[in-house]
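The data block below is input_28.pdb; it holds PDB, C-alpha atoms, pLDDT in the B column.
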ATOM      1  CA  MET A   1       2.844 -15.609 -86.816  1.00 39.00           C
ATOM      2  CA  PHE A   2       1.482 -14.497 -83.426  1.00 40.00           C
ATOM      3  CA  LEU A   3      -2.242 -15.071 -83.133  1.00 41.00           C
ATOM      4  CA  LYS A   4      -4.264 -13.146 -80.606  1.00 46.00           C
ATOM      5  CA  ILE A   5      -7.134 -15.103 -79.157  1.00 40.00           C
ATOM      6  CA  PRO A   6     -10.114 -13.243 -77.641  1.00 44.00           C
ATOM      7  CA  PHE A   7      -9.970 -13.086 -73.844  1.00 40.00           C
ATOM      8  CA  PHE A   8     -11.635 -16.395 -73.139  1.00 37.00           C
ATOM      9  CA  GLY A   9     -11.940 -17.582 -76.714  1.00 40.00           C
ATOM     10  CA  LEU A  10     -14.590 -20.282 -76.760  1.00 36.00           C
ATOM     11  CA  ILE A  11     -14.140 -21.091 -73.097  1.00 37.00           C
ATOM     12  CA  ALA A  12     -15.660 -18.108 -71.341  1.00 44.00           C
ATOM     13  CA  LYS A  13     -18.820 -16.144 -71.870  1.00 51.00           C
ATOM     14  CA  ARG A  14     -17.590 -12.825 -70.520  1.00 60.00           C
ATOM     15  CA  SER A  15     -14.410 -10.864 -71.088  1.00 71.00           C
ATOM     16  CA  PRO A  16     -12.649  -9.518 -67.982  1.00 71.00           C
ATOM     17  CA  MET A  17     -12.405  -6.227 -69.860  1.00 76.00           C
ATOM     18  CA  ASP A  18     -16.169  -5.833 -69.602  1.00 76.00           C
ATOM     19  CA  SER A  19     -15.766  -5.668 -65.823  1.00 80.00           C
ATOM     20  CA  LEU A  20     -13.532  -2.627 -66.265  1.00 87.00           C
ATOM     21  CA  ILE A  21     -16.617  -0.695 -67.347  1.00 89.00           C
ATOM     22  CA  GLU A  22     -18.411  -1.709 -64.162  1.00 87.00           C
ATOM     23  CA  HIS A  23     -15.383  -0.526 -62.188  1.00 87.00           C
ATOM     24  CA  TYR A  24     -15.213   2.698 -64.233  1.00 89.00           C
ATOM     25  CA  ASP A  25     -18.857   3.500 -63.403  1.00 88.00           C
ATOM     26  CA  LYS A  26     -17.808   3.897 -59.776  1.00 86.00           C
ATOM     27  CA  ILE A  27     -15.560   6.806 -60.779  1.00 86.00           C
ATOM     28  CA  SER A  28     -18.503   8.886 -61.938  1.00 83.00           C
ATOM     29  CA  GLU A  29     -20.293   8.137 -58.663  1.00 85.00           C
ATOM     30  CA  CYS A  30     -17.276   9.341 -56.691  1.00 85.00           C
ATOM     31  CA  VAL A  31     -16.901  12.508 -58.763  1.00 85.00           C
ATOM     32  CA  ALA A  32     -20.600  13.301 -58.323  1.00 83.00           C
ATOM     33  CA  THR A  33     -20.171  12.972 -54.549  1.00 81.00           C
ATOM     34  CA  ILE A  34     -17.126  15.272 -54.515  1.00 81.00           C
ATOM     35  CA  ASP A  35     -18.979  17.751 -56.712  1.00 80.00           C
ATOM     36  CA  GLU A  36     -21.870  17.864 -54.261  1.00 76.00           C
ATOM     37  CA  SER A  37     -19.401  18.271 -51.405  1.00 78.00           C
ATOM     38  CA  LEU A  38     -17.512  21.172 -52.944  1.00 77.00           C
ATOM     39  CA  GLU A  39     -20.605  23.058 -54.091  1.00 74.00           C
ATOM     40  CA  CYS A  40     -21.920  22.809 -50.537  1.00 75.00           C
ATOM     41  CA  TYR A  41     -18.556  23.582 -48.948  1.00 77.00           C
ATOM     42  CA  VAL A  42     -17.968  26.701 -51.033  1.00 76.00           C
ATOM     43  CA  SER A  43     -21.489  28.103 -50.810  1.00 68.00           C
ATOM     44  CA  GLY A  44     -21.890  27.462 -47.103  1.00 64.00           C
ATOM     45  CA  GLY A  45     -25.525  26.518 -47.683  1.00 56.00           C
ATOM     46  CA  VAL A  46     -27.606  23.722 -46.219  1.00 54.00           C
ATOM     47  CA  CYS A  47     -26.360  20.351 -47.435  1.00 61.00           C
ATOM     48  CA  ARG A  48     -25.627  16.789 -46.413  1.00 63.00           C
ATOM     49  CA  GLU A  49     -23.251  16.379 -43.512  1.00 70.00           C
ATOM     50  CA  PHE A  50     -19.660  15.717 -44.535  1.00 71.00           C
ATOM     51  CA  GLU A  51     -19.631  12.601 -42.411  1.00 71.00           C
ATOM     52  CA  GLU A  52     -22.483  11.230 -44.503  1.00 78.00           C
ATOM     53  CA  LEU A  53     -20.773  12.224 -47.760  1.00 78.00           C
ATOM     54  CA  THR A  54     -17.547  10.573 -46.626  1.00 77.00           C
ATOM     55  CA  LYS A  55     -19.408   7.363 -45.787  1.00 80.00           C
ATOM     56  CA  THR A  56     -21.004   7.458 -49.242  1.00 84.00           C
ATOM     57  CA  ILE A  57     -17.706   7.744 -51.069  1.00 82.00           C
ATOM     58  CA  ASP A  58     -16.108   5.103 -48.826  1.00 84.00           C
ATOM     59  CA  THR A  59     -18.935   2.718 -49.715  1.00 87.00           C
ATOM     60  CA  ILE A  60     -18.478   3.416 -53.435  1.00 86.00           C
ATOM     61  CA  GLU A  61     -14.720   2.885 -53.205  1.00 83.00           C
ATOM     62  CA  ASN A  62     -15.100  -0.361 -51.236  1.00 85.00           C
ATOM     63  CA  HIS A  63     -17.502  -1.686 -53.875  1.00 85.00           C
ATOM     64  CA  ALA A  64     -15.023  -0.714 -56.577  1.00 84.00           C
ATOM     65  CA  ASP A  65     -12.260  -2.589 -54.733  1.00 83.00           C
ATOM     66  CA  LYS A  66     -14.397  -5.732 -54.745  1.00 85.00           C
ATOM     67  CA  ILE A  67     -14.880  -5.391 -58.501  1.00 84.00           C
ATOM     68  CA  LYS A  68     -11.129  -4.910 -58.974  1.00 83.00           C
ATOM     69  CA  ARG A  69     -10.275  -7.984 -56.907  1.00 83.00           C
ATOM     70  CA  ASN A  70     -12.835 -10.026 -58.814  1.00 83.00           C
ATOM     71  CA  ILE A  71     -11.299  -8.918 -62.120  1.00 79.00           C
ATOM     72  CA  ARG A  72      -7.792  -9.875 -61.034  1.00 76.00           C
ATOM     73  CA  ASN A  73      -8.833 -13.153 -59.427  1.00 78.00           C
ATOM     74  CA  HIS A  74     -10.630 -14.390 -62.532  1.00 70.00           C
ATOM     75  CA  LEU A  75      -8.200 -13.556 -65.306  1.00 73.00           C
ATOM     76  CA  PRO A  76      -7.699 -16.292 -67.911  1.00 66.00           C
ATOM     77  CA  ARG A  77      -4.290 -17.794 -68.583  1.00 61.00           C
ATOM     78  CA  GLY A  78      -1.955 -15.689 -70.698  1.00 52.00           C
ATOM     79  CA  LEU A  79      -2.617 -17.821 -73.782  1.00 43.00           C
ATOM     80  CA  PHE A  80      -6.212 -16.579 -73.853  1.00 54.00           C
ATOM     81  CA  MET A  81      -5.456 -12.885 -73.228  1.00 63.00           C
ATOM     82  CA  ALA A  82      -6.005 -10.645 -76.253  1.00 70.00           C
ATOM     83  CA  VAL A  83      -3.800  -7.991 -74.633  1.00 76.00           C
ATOM     84  CA  ASP A  84      -0.667  -8.180 -72.538  1.00 78.00           C
ATOM     85  CA  LYS A  85      -1.570  -9.231 -69.001  1.00 82.00           C
ATOM     86  CA  GLY A  86       0.833  -6.720 -67.430  1.00 84.00           C
ATOM     87  CA  THR A  87      -0.685  -3.873 -69.431  1.00 87.00           C
ATOM     88  CA  PHE A  88      -4.165  -4.992 -68.420  1.00 85.00           C
ATOM     89  CA  LEU A  89      -3.222  -5.078 -64.735  1.00 87.00           C
ATOM     90  CA  ASN A  90      -1.568  -1.660 -65.024  1.00 90.00           C
ATOM     91  CA  TYR A  91      -4.803  -0.271 -66.372  1.00 91.00           C
ATOM     92  CA  THR A  92      -6.794  -1.653 -63.443  1.00 90.00           C
ATOM     93  CA  LYS A  93      -4.267  -0.089 -61.069  1.00 91.00           C
ATOM     94  CA  PHE A  94      -4.458   3.355 -62.697  1.00 94.00           C
ATOM     95  CA  GLN A  95      -8.247   3.303 -62.846  1.00 92.00           C
ATOM     96  CA  ASP A  96      -8.367   2.318 -59.179  1.00 90.00           C
ATOM     97  CA  ASN A  97      -5.951   5.182 -58.414  1.00 93.00           C
ATOM     98  CA  VAL A  98      -8.551   7.614 -59.781  1.00 93.00           C
ATOM     99  CA  LEU A  99     -10.995   6.309 -57.204  1.00 89.00           C
ATOM    100  CA  ASP A 100      -8.432   6.411 -54.393  1.00 90.00           C
ATOM    101  CA  ALA A 101      -7.569  10.038 -55.212  1.00 92.00           C
ATOM    102  CA  SER A 102     -11.244  11.019 -55.182  1.00 88.00           C
ATOM    103  CA  GLN A 103     -11.625   9.394 -51.777  1.00 86.00           C
ATOM    104  CA  ASP A 104      -8.537  11.229 -50.471  1.00 90.00           C
ATOM    105  CA  ALA A 105      -9.860  14.520 -51.890  1.00 89.00           C
ATOM    106  CA  LEU A 106     -13.060  14.301 -49.884  1.00 85.00           C
ATOM    107  CA  HIS A 107     -11.220  13.309 -46.720  1.00 85.00           C
ATOM    108  CA  TRP A 108      -8.912  16.325 -47.028  1.00 88.00           C
ATOM    109  CA  LEU A 109     -11.839  18.647 -47.666  1.00 83.00           C
ATOM    110  CA  GLY A 110     -13.770  17.347 -44.668  1.00 81.00           C
ATOM    111  CA  MET A 111     -10.879  17.154 -42.227  1.00 84.00           C
ATOM    112  CA  ARG A 112     -11.868  20.483 -40.651  1.00 83.00           C
ATOM    113  CA  PRO A 113     -14.014  23.440 -41.752  1.00 81.00           C
ATOM    114  CA  VAL A 114     -12.100  25.869 -43.975  1.00 86.00           C
ATOM    115  CA  PRO A 115     -13.735  29.098 -45.189  1.00 85.00           C
ATOM    116  CA  ILE A 116     -13.043  29.432 -48.919  1.00 88.00           C
ATOM    117  CA  PRO A 117     -12.371  33.065 -49.886  1.00 90.00           C
ATOM    118  CA  GLU A 118     -14.701  34.289 -52.619  1.00 90.00           C
ATOM    119  CA  GLU A 119     -11.746  35.017 -54.930  1.00 92.00           C
ATOM    120  CA  PHE A 120     -10.949  31.271 -55.107  1.00 93.00           C
ATOM    121  CA  GLN A 121     -14.434  29.810 -55.236  1.00 90.00           C
ATOM    122  CA  LYS A 122     -14.969  30.039 -59.000  1.00 91.00           C
ATOM    123  CA  ASP A 123     -11.520  28.608 -59.748  1.00 94.00           C
ATOM    124  CA  LEU A 124     -12.166  25.625 -57.481  1.00 92.00           C
ATOM    125  CA  ILE A 125     -15.518  24.926 -59.112  1.00 90.00           C
ATOM    126  CA  ASN A 126     -13.969  25.202 -62.585  1.00 93.00           C
ATOM    127  CA  LEU A 127     -11.163  22.833 -61.597  1.00 94.00           C
ATOM    128  CA  LEU A 128     -13.651  20.268 -60.386  1.00 91.00           C
ATOM    129  CA  ASP A 129     -15.598  20.666 -63.635  1.00 92.00           C
ATOM    130  CA  SER A 130     -12.424  19.815 -65.566  1.00 95.00           C
ATOM    131  CA  VAL A 131     -11.821  16.770 -63.359  1.00 94.00           C
ATOM    132  CA  ARG A 132     -15.375  15.623 -63.947  1.00 93.00           C
ATOM    133  CA  HIS A 133     -14.906  16.148 -67.683  1.00 95.00           C
ATOM    134  CA  VAL A 134     -11.693  14.114 -67.884  1.00 96.00           C
ATOM    135  CA  THR A 135     -13.319  11.209 -66.033  1.00 95.00           C
ATOM    136  CA  GLU A 136     -16.274  11.385 -68.430  1.00 94.00           C
ATOM    137  CA  LEU A 137     -13.876  11.309 -71.396  1.00 96.00           C
ATOM    138  CA  LEU A 138     -12.204   8.181 -70.033  1.00 96.00           C
ATOM    139  CA  GLY A 139     -15.445   6.233 -70.530  1.00 94.00           C
ATOM    140  CA  PRO A 140     -15.525   6.481 -74.371  1.00 95.00           C
ATOM    141  CA  ALA A 141     -11.777   5.803 -74.487  1.00 96.00           C
ATOM    142  CA  LEU A 142     -12.226   2.578 -72.504  1.00 95.00           C
ATOM    143  CA  LYS A 143     -15.308   1.425 -74.410  1.00 94.00           C
ATOM    144  CA  SER A 144     -13.824   2.081 -77.858  1.00 94.00           C
ATOM    145  CA  THR A 145     -10.667   0.183 -76.848  1.00 94.00           C
ATOM    146  CA  ILE A 146     -12.726  -2.793 -75.709  1.00 92.00           C
ATOM    147  CA  ALA A 147     -14.608  -2.727 -79.017  1.00 91.00           C
ATOM    148  CA  LEU A 148     -11.299  -2.830 -80.915  1.00 90.00           C
ATOM    149  CA  VAL A 149      -9.888  -5.631 -78.776  1.00 87.00           C
ATOM    150  CA  HIS A 150     -13.046  -7.684 -79.194  1.00 83.00           C
ATOM    151  CA  GLY A 151     -13.117  -7.114 -82.934  1.00 82.00           C
ATOM    152  CA  GLU A 152     -16.416  -5.237 -82.713  1.00 85.00           C
ATOM    153  CA  SER A 153     -14.927  -2.057 -84.201  1.00 82.00           C
ATOM    154  CA  LEU A 154     -12.184  -1.090 -86.651  1.00 86.00           C
ATOM    155  CA  ASP A 155     -12.136   2.589 -85.721  1.00 88.00           C
ATOM    156  CA  ARG A 156      -8.552   2.934 -84.481  1.00 91.00           C
ATOM    157  CA  SER A 157      -8.464   6.608 -85.477  1.00 93.00           C
ATOM    158  CA  GLY A 158     -11.565   7.453 -83.444  1.00 94.00           C
ATOM    159  CA  THR A 159     -10.230   5.496 -80.481  1.00 94.00           C
ATOM    160  CA  LYS A 160      -6.918   7.361 -80.561  1.00 95.00           C
ATOM    161  CA  ASP A 161      -8.828  10.632 -80.768  1.00 97.00           C
ATOM    162  CA  ASN A 162     -10.571   9.654 -77.528  1.00 96.00           C
ATOM    163  CA  TYR A 163      -7.137   9.225 -75.957  1.00 97.00           C
ATOM    164  CA  ARG A 164      -6.047  12.665 -77.156  1.00 97.00           C
ATOM    165  CA  LYS A 165      -9.122  14.284 -75.587  1.00 97.00           C
ATOM    166  CA  VAL A 166      -8.235  12.817 -72.198  1.00 98.00           C
ATOM    167  CA  ARG A 167      -4.623  13.981 -72.492  1.00 97.00           C
ATOM    168  CA  HIS A 168      -5.734  17.476 -73.487  1.00 98.00           C
ATOM    169  CA  GLU A 169      -8.105  17.787 -70.522  1.00 97.00           C
ATOM    170  CA  ARG A 170      -5.403  16.450 -68.212  1.00 97.00           C
ATOM    171  CA  GLU A 171      -3.161  19.314 -69.360  1.00 97.00           C
ATOM    172  CA  VAL A 172      -5.972  21.793 -68.671  1.00 97.00           C
ATOM    173  CA  ILE A 173      -6.265  20.395 -65.136  1.00 97.00           C
ATOM    174  CA  ARG A 174      -2.514  20.559 -64.549  1.00 97.00           C
ATOM    175  CA  LYS A 175      -2.258  24.209 -65.573  1.00 97.00           C
ATOM    176  CA  SER A 176      -5.407  25.249 -63.702  1.00 97.00           C
ATOM    177  CA  ALA A 177      -4.292  23.470 -60.531  1.00 97.00           C
ATOM    178  CA  ASN A 178      -0.845  25.063 -60.662  1.00 97.00           C
ATOM    179  CA  ARG A 179      -2.284  28.560 -61.108  1.00 97.00           C
ATOM    180  CA  LEU A 180      -4.805  28.108 -58.307  1.00 97.00           C
ATOM    181  CA  GLN A 181      -2.257  26.636 -55.916  1.00 96.00           C
ATOM    182  CA  SER A 182       0.078  29.553 -56.566  1.00 96.00           C
ATOM    183  CA  LYS A 183      -2.670  32.091 -55.832  1.00 96.00           C
ATOM    184  CA  ILE A 184      -3.737  30.314 -52.648  1.00 96.00           C
ATOM    185  CA  TYR A 185      -0.181  29.867 -51.408  1.00 94.00           C
ATOM    186  CA  ASN A 186       0.473  33.592 -51.857  1.00 95.00           C
ATOM    187  CA  SER A 187      -2.774  34.614 -50.162  1.00 94.00           C
ATOM    188  CA  ASP A 188      -3.332  35.873 -46.617  1.00 93.00           C
ATOM    189  CA  MET A 189      -5.167  32.713 -45.565  1.00 94.00           C
ATOM    190  CA  ASP A 190      -4.082  30.920 -42.418  1.00 94.00           C
ATOM    191  CA  PHE A 191      -1.353  28.445 -43.326  1.00 93.00           C
ATOM    192  CA  LYS A 192      -3.335  25.484 -41.951  1.00 93.00           C
ATOM    193  CA  ASP A 193      -6.137  26.420 -44.341  1.00 93.00           C
ATOM    194  CA  ILE A 194      -3.695  26.813 -47.213  1.00 95.00           C
ATOM    195  CA  TYR A 195      -2.157  23.416 -46.499  1.00 95.00           C
ATOM    196  CA  GLN A 196      -5.523  21.682 -46.409  1.00 94.00           C
ATOM    197  CA  ILE A 197      -6.855  23.233 -49.633  1.00 94.00           C
ATOM    198  CA  LEU A 198      -3.583  22.638 -51.485  1.00 95.00           C
ATOM    199  CA  HIS A 199      -3.766  18.946 -50.637  1.00 95.00           C
ATOM    200  CA  PHE A 200      -7.354  18.826 -51.843  1.00 94.00           C
ATOM    201  CA  ILE A 201      -6.247  20.354 -55.155  1.00 96.00           C
ATOM    202  CA  ASP A 202      -3.374  17.852 -55.337  1.00 97.00           C
ATOM    203  CA  CYS A 203      -5.896  15.014 -55.097  1.00 95.00           C
ATOM    204  CA  LEU A 204      -7.995  16.475 -57.919  1.00 94.00           C
ATOM    205  CA  SER A 205      -4.881  16.851 -60.054  1.00 96.00           C
ATOM    206  CA  GLU A 206      -3.918  13.251 -59.260  1.00 97.00           C
ATOM    207  CA  MET A 207      -7.285  12.107 -60.574  1.00 95.00           C
ATOM    208  CA  GLY A 208      -6.529  13.778 -63.908  1.00 96.00           C
ATOM    209  CA  HIS A 209      -3.014  12.343 -63.957  1.00 97.00           C
ATOM    210  CA  ASN A 210      -4.275   8.801 -63.479  1.00 96.00           C
ATOM    211  CA  CYS A 211      -6.909   9.249 -66.190  1.00 96.00           C
ATOM    212  CA  GLU A 212      -4.002  10.052 -68.495  1.00 97.00           C
ATOM    213  CA  ASN A 213      -2.144   6.967 -67.248  1.00 97.00           C
ATOM    214  CA  CYS A 214      -5.265   4.951 -68.070  1.00 96.00           C
ATOM    215  CA  VAL A 215      -5.327   6.051 -71.706  1.00 96.00           C
ATOM    216  CA  ASP A 216      -1.584   5.410 -72.007  1.00 96.00           C
ATOM    217  CA  SER A 217      -2.276   1.819 -70.951  1.00 95.00           C
ATOM    218  CA  LEU A 218      -5.216   1.593 -73.363  1.00 95.00           C
ATOM    219  CA  ARG A 219      -2.968   2.849 -76.160  1.00 94.00           C
ATOM    220  CA  ASN A 220      -0.522   0.067 -75.363  1.00 92.00           C
ATOM    221  CA  MET A 221      -3.336  -2.487 -75.587  1.00 89.00           C
ATOM    222  CA  ILE A 222      -4.057  -1.637 -79.234  1.00 89.00           C
ATOM    223  CA  ALA A 223      -0.423  -1.054 -80.278  1.00 83.00           C
ATOM    224  CA  ARG A 224       0.737  -3.128 -83.207  1.00 57.00           C
TER     225      ARG A 224
END
Using the file provided, produce a representation of the structure as structure tokens.
Amino acid sequence: MFLKIPFFGLIAKRSPMDSLIEHYDKISECVATIDESLECYVSGGVCREFEELTKTIDTIENHADKIKRNIRNHLPRGLFMAVDKGTFLNYTKFQDNVLDASQDALHWLGMRPVPIPEEFQKDLINLLDSVRHVTELLGPALKSTIALVHGESLDRSGTKDNYRKVRHEREVIRKSANRLQSKIYNSDMDFKDIYQILHFIDCLSEMGHNCENCVDSLRNMIAR
């Protein structure tokens, strides 16, 4: 019979999975920064300079990278892992990809000033709202998985429902992004503007895609 031993068993005081929550918290900080950027960008009102916003998100992402490296550099030996080590590392990669995509999104948005036509403003704000929502949904999915792995919860059904919510919101993002990109591409905007905004939307969509990849990895962690 195969016996799973908690991450560090009796040897360590802290599970490396707990650090994933610390890393995840950086996602919400990045999304909040992008949200502030887009609201300002679209409205054309008085706001923080993009250079300052970019520095903020770069600082957040660099901190997140340090957390990720610390997680990977302090993993226990395979014998003491309650989940497959490869699956665990895949999760850290996908969660880090969410942060990288948010950083890329802001860089694309701030590359040069682009006037956003009023007909696209609401759709862009709604898309960002969906991206924010899917990142918020990832938090409960991660925390409920950790509780199952640590034996602190037996609610497999509720945990799987958290996964389904992320997948559903990811599908909302995919469809919304495709519709918006089609409308922008067929608009009378200058092609340089179109290219820049389409790449920004691609980055937002990539954030949703990697949130879905995260829950796929979490599902593998609790698979029997």
What is the distance, in Å and to one decimal place, between atom CA of A:Leu53 and atom CA of A:Trp108?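 If I compute the distance from atom CA of A:Leu53 to atom CA of A:Trp108, I get 12.6 Å.
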Between atom CA of A:Tyr185 and atom CA of A:Gly110, distance in Å (one decimal):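 For atom CA of A:Tyr185 relative to atom CA of A:Gly110, the distance reads 19.7 Å.
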Evaluate the PyMOL selection byres ((chain A and resi 206) around 10) here and jot the selected residues down as a list in words.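 Residues picked by the PyMOL selection byres ((chain A and resi 206) around 10): Asn97, Val98, Asp100, Ala101, Ser102, Ala105, Val131, Arg170, Ile173, Arg174, Phe200, Ile201, Asp202, Cys203, Leu204, Ser205, Met207, Gly208, His209, Asn210, Cys211 and Glu212 of chain A.
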For stretch 216-224 of chain A, what centre and edge lengths in Å (one decimal) does the axis-aligned box get once 5 Å is added on each side of all its listed atoms, as JSON?
{"center_x": -2.2, "center_y": 1.1, "center_z": -77.1, "size_x": 16.0, "size_y": 18.5, "size_z": 22.3}
List as an MDAnalysis selection string the protein and nucleic acid residues near A:Met17, meaning an atom at most 12 Å away when only C-alpha atoms are counted, but skip any in the same chain fewer than 6 places from it. chainID A and resid 6:8 23:24 67:68 70:72 74:76 81:83 85 87:89 91:92 142:150 218 221
Would you save the residues of that selection, restricted to C-alpha atoms, as a PDB file, in the frame of the given file?
ATOM      1  CA  PRO A   6     -10.114 -13.243 -77.641  1.00 44.00           C
ATOM      2  CA  PHE A   7      -9.970 -13.086 -73.844  1.00 40.00           C
ATOM      3  CA  PHE A   8     -11.635 -16.395 -73.139  1.00 37.00           C
ATOM      4  CA  HIS A  23     -15.383  -0.526 -62.188  1.00 87.00           C
ATOM      5  CA  TYR A  24     -15.213   2.698 -64.233  1.00 89.00           C
ATOM      6  CA  ILE A  67     -14.880  -5.391 -58.501  1.00 84.00           C
ATOM      7  CA  LYS A  68     -11.129  -4.910 -58.974  1.00 83.00           C
ATOM      8  CA  ASN A  70     -12.835 -10.026 -58.814  1.00 83.00           C
ATOM      9  CA  ILE A  71     -11.299  -8.918 -62.120  1.00 79.00           C
ATOM     10  CA  ARG A  72      -7.792  -9.875 -61.034  1.00 76.00           C
ATOM     11  CA  HIS A  74     -10.630 -14.390 -62.532  1.00 70.00           C
ATOM     12  CA  LEU A  75      -8.200 -13.556 -65.306  1.00 73.00           C
ATOM     13  CA  PRO A  76      -7.699 -16.292 -67.911  1.00 66.00           C
ATOM     14  CA  MET A  81      -5.456 -12.885 -73.228  1.00 63.00           C
ATOM     15  CA  ALA A  82      -6.005 -10.645 -76.253  1.00 70.00           C
ATOM     16  CA  VAL A  83      -3.800  -7.991 -74.633  1.00 76.00           C
ATOM     17  CA  LYS A  85      -1.570  -9.231 -69.001  1.00 82.00           C
ATOM     18  CA  THR A  87      -0.685  -3.873 -69.431  1.00 87.00           C
ATOM     19  CA  PHE A  88      -4.165  -4.992 -68.420  1.00 85.00           C
ATOM     20  CA  LEU A  89      -3.222  -5.078 -64.735  1.00 87.00           C
ATOM     21  CA  TYR A  91      -4.803  -0.271 -66.372  1.00 91.00           C
ATOM     22  CA  THR A  92      -6.794  -1.653 -63.443  1.00 90.00           C
ATOM     23  CA  LEU A 142     -12.226   2.578 -72.504  1.00 95.00           C
ATOM     24  CA  LYS A 143     -15.308   1.425 -74.410  1.00 94.00           C
ATOM     25  CA  SER A 144     -13.824   2.081 -77.858  1.00 94.00           C
ATOM     26  CA  THR A 145     -10.667   0.183 -76.848  1.00 94.00           C
ATOM     27  CA  ILE A 146     -12.726  -2.793 -75.709  1.00 92.00           C
ATOM     28  CA  ALA A 147     -14.608  -2.727 -79.017  1.00 91.00           C
ATOM     29  CA  LEU A 148     -11.299  -2.830 -80.915  1.00 90.00           C
ATOM     30  CA  VAL A 149      -9.888  -5.631 -78.776  1.00 87.00           C
ATOM     31  CA  HIS A 150     -13.046  -7.684 -79.194  1.00 83.00           C
ATOM     32  CA  LEU A 218      -5.216   1.593 -73.363  1.00 95.00           C
ATOM     33  CA  MET A 221      -3.336  -2.487 -75.587  1.00 89.00           C
TER      34      MET A 221
END
What does the distance between atom CA of A:Asp96 and atom CA of A:Ala223 come to in Å, to one decimal place?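 Going from atom CA of A:Asp96 over to atom CA of A:Ala223 covers 22.8 Å.
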Can you list, as a PyMOL selection string, every protein, DNA or RNA residue that comes within 12 Å of A:Leu198 when you count only C-alpha atoms, leaving out same-chain residues fewer than 4 positions away? chain A and resi 105+108-109+114+116+120+124+177-186+189+191-194+202-205
Quick one: write out the picked residues with C-alpha atoms as an mmCIF file, in the coordinates of the input?
data_model
loop_
_atom_site.group_PDB
_atom_site.id
_atom_site.type_symbol
_atom_site.label_atom_id
_atom_site.label_comp_id
_atom_site.auth_asym_id
_atom_site.auth_seq_id
_atom_site.Cartn_x
_atom_site.Cartn_y
_atom_site.Cartn_z
ATOM 1 C CA ALA A 105 -9.860 14.520 -51.890
ATOM 2 C CA TRP A 108 -8.912 16.325 -47.028
ATOM 3 C CA LEU A 109 -11.839 18.647 -47.666
ATOM 4 C CA VAL A 114 -12.100 25.869 -43.975
ATOM 5 C CA ILE A 116 -13.043 29.432 -48.919
ATOM 6 C CA PHE A 120 -10.949 31.271 -55.107
ATOM 7 C CA LEU A 124 -12.166 25.625 -57.481
ATOM 8 C CA ALA A 177 -4.292 23.470 -60.531
ATOM 9 C CA ASN A 178 -0.845 25.063 -60.662
ATOM 10 C CA ARG A 179 -2.284 28.560 -61.108
ATOM 11 C CA LEU A 180 -4.805 28.108 -58.307
ATOM 12 C CA GLN A 181 -2.257 26.636 -55.916
ATOM 13 C CA SER A 182 0.078 29.553 -56.566
ATOM 14 C CA LYS A 183 -2.670 32.091 -55.832
ATOM 15 C CA ILE A 184 -3.737 30.314 -52.648
ATOM 16 C CA TYR A 185 -0.181 29.867 -51.408
ATOM 17 C CA ASN A 186 0.473 33.592 -51.857
ATOM 18 C CA MET A 189 -5.167 32.713 -45.565
ATOM 19 C CA PHE A 191 -1.353 28.445 -43.326
ATOM 20 C CA LYS A 192 -3.335 25.484 -41.951
ATOM 21 C CA ASP A 193 -6.137 26.420 -44.341
ATOM 22 C CA ILE A 194 -3.695 26.813 -47.213
ATOM 23 C CA ASP A 202 -3.374 17.852 -55.337
ATOM 24 C CA CYS A 203 -5.896 15.014 -55.097
ATOM 25 C CA LEU A 204 -7.995 16.475 -57.919
ATOM 26 C CA SER A 205 -4.881 16.851 -60.054
#
Measuring atom to atom with only C-alpha atoms, identify which of A:Gln103, A:Asn162, A:Ser187, A:Asn90 is nearest to A:Ser37.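 Nearest to A:Ser37: A:Gln103.
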Taking the file as shown, find all residues satisfying the PyMOL selection byres ((chain A and resi 164) around 12) and write them as a VMD selection string. chain A and resid 134 137 to 138 140 to 141 157 to 163 165 to 171 211 to 212 214 to 216 218 to 219
Residue selection dump (C-alpha atoms) as a short mmCIF file (atom, residue, chain, number, x, y, z; two decimals), in the frame of the given file:
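Okay, this is what ended up in selection30.cif:
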data_model
loop_
_atom_site.label_atom_id
_atom_site.label_comp_id
_atom_site.auth_asym_id
_atom_site.auth_seq_id
_atom_site.Cartn_x
_atom_site.Cartn_y
_atom_site.Cartn_z
CA VAL A 134 -11.69 14.11 -67.88
CA LEU A 137 -13.88 11.31 -71.40
CA LEU A 138 -12.20 8.18 -70.03
CA PRO A 140 -15.52 6.48 -74.37
CA ALA A 141 -11.78 5.80 -74.49
CA SER A 157 -8.46 6.61 -85.48
CA GLY A 158 -11.56 7.45 -83.44
CA THR A 159 -10.23 5.50 -80.48
CA LYS A 160 -6.92 7.36 -80.56
CA ASP A 161 -8.83 10.63 -80.77
CA ASN A 162 -10.57 9.65 -77.53
CA TYR A 163 -7.14 9.22 -75.96
CA LYS A 165 -9.12 14.28 -75.59
CA VAL A 166 -8.24 12.82 -72.20
CA ARG A 167 -4.62 13.98 -72.49
CA HIS A 168 -5.73 17.48 -73.49
CA GLU A 169 -8.10 17.79 -70.52
CA ARG A 170 -5.40 16.45 -68.21
CA GLU A 171 -3.16 19.31 -69.36
CA CYS A 211 -6.91 9.25 -66.19
CA GLU A 212 -4.00 10.05 -68.50
CA CYS A 214 -5.26 4.95 -68.07
CA VAL A 215 -5.33 6.05 -71.71
CA ASP A 216 -1.58 5.41 -72.01
CA LEU A 218 -5.22 1.59 -73.36
CA ARG A 219 -2.97 2.85 -76.16
#
Just the residues within 12 Å of A:Lys122, please, counting only C-alpha atoms, with nothing from its chain fewer than 5 positions along; format it as an MDAnalysis selection string. chainID A and resid 38:39 42:43 116:117 127:129 176 180
With distances taken over all atoms listed in the file, which of A:Glu51, A:Asp58, A:Glu36, A:Asp65 is nearest to A:Glu22?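 Among the listed residues, A:Asp65 lies closest to A:Glu22.
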A:His199, A:Arg112, A:Lys55, A:Lys66: which is nearest A:Lys26, counting all atoms listed in the file? A:Lys66
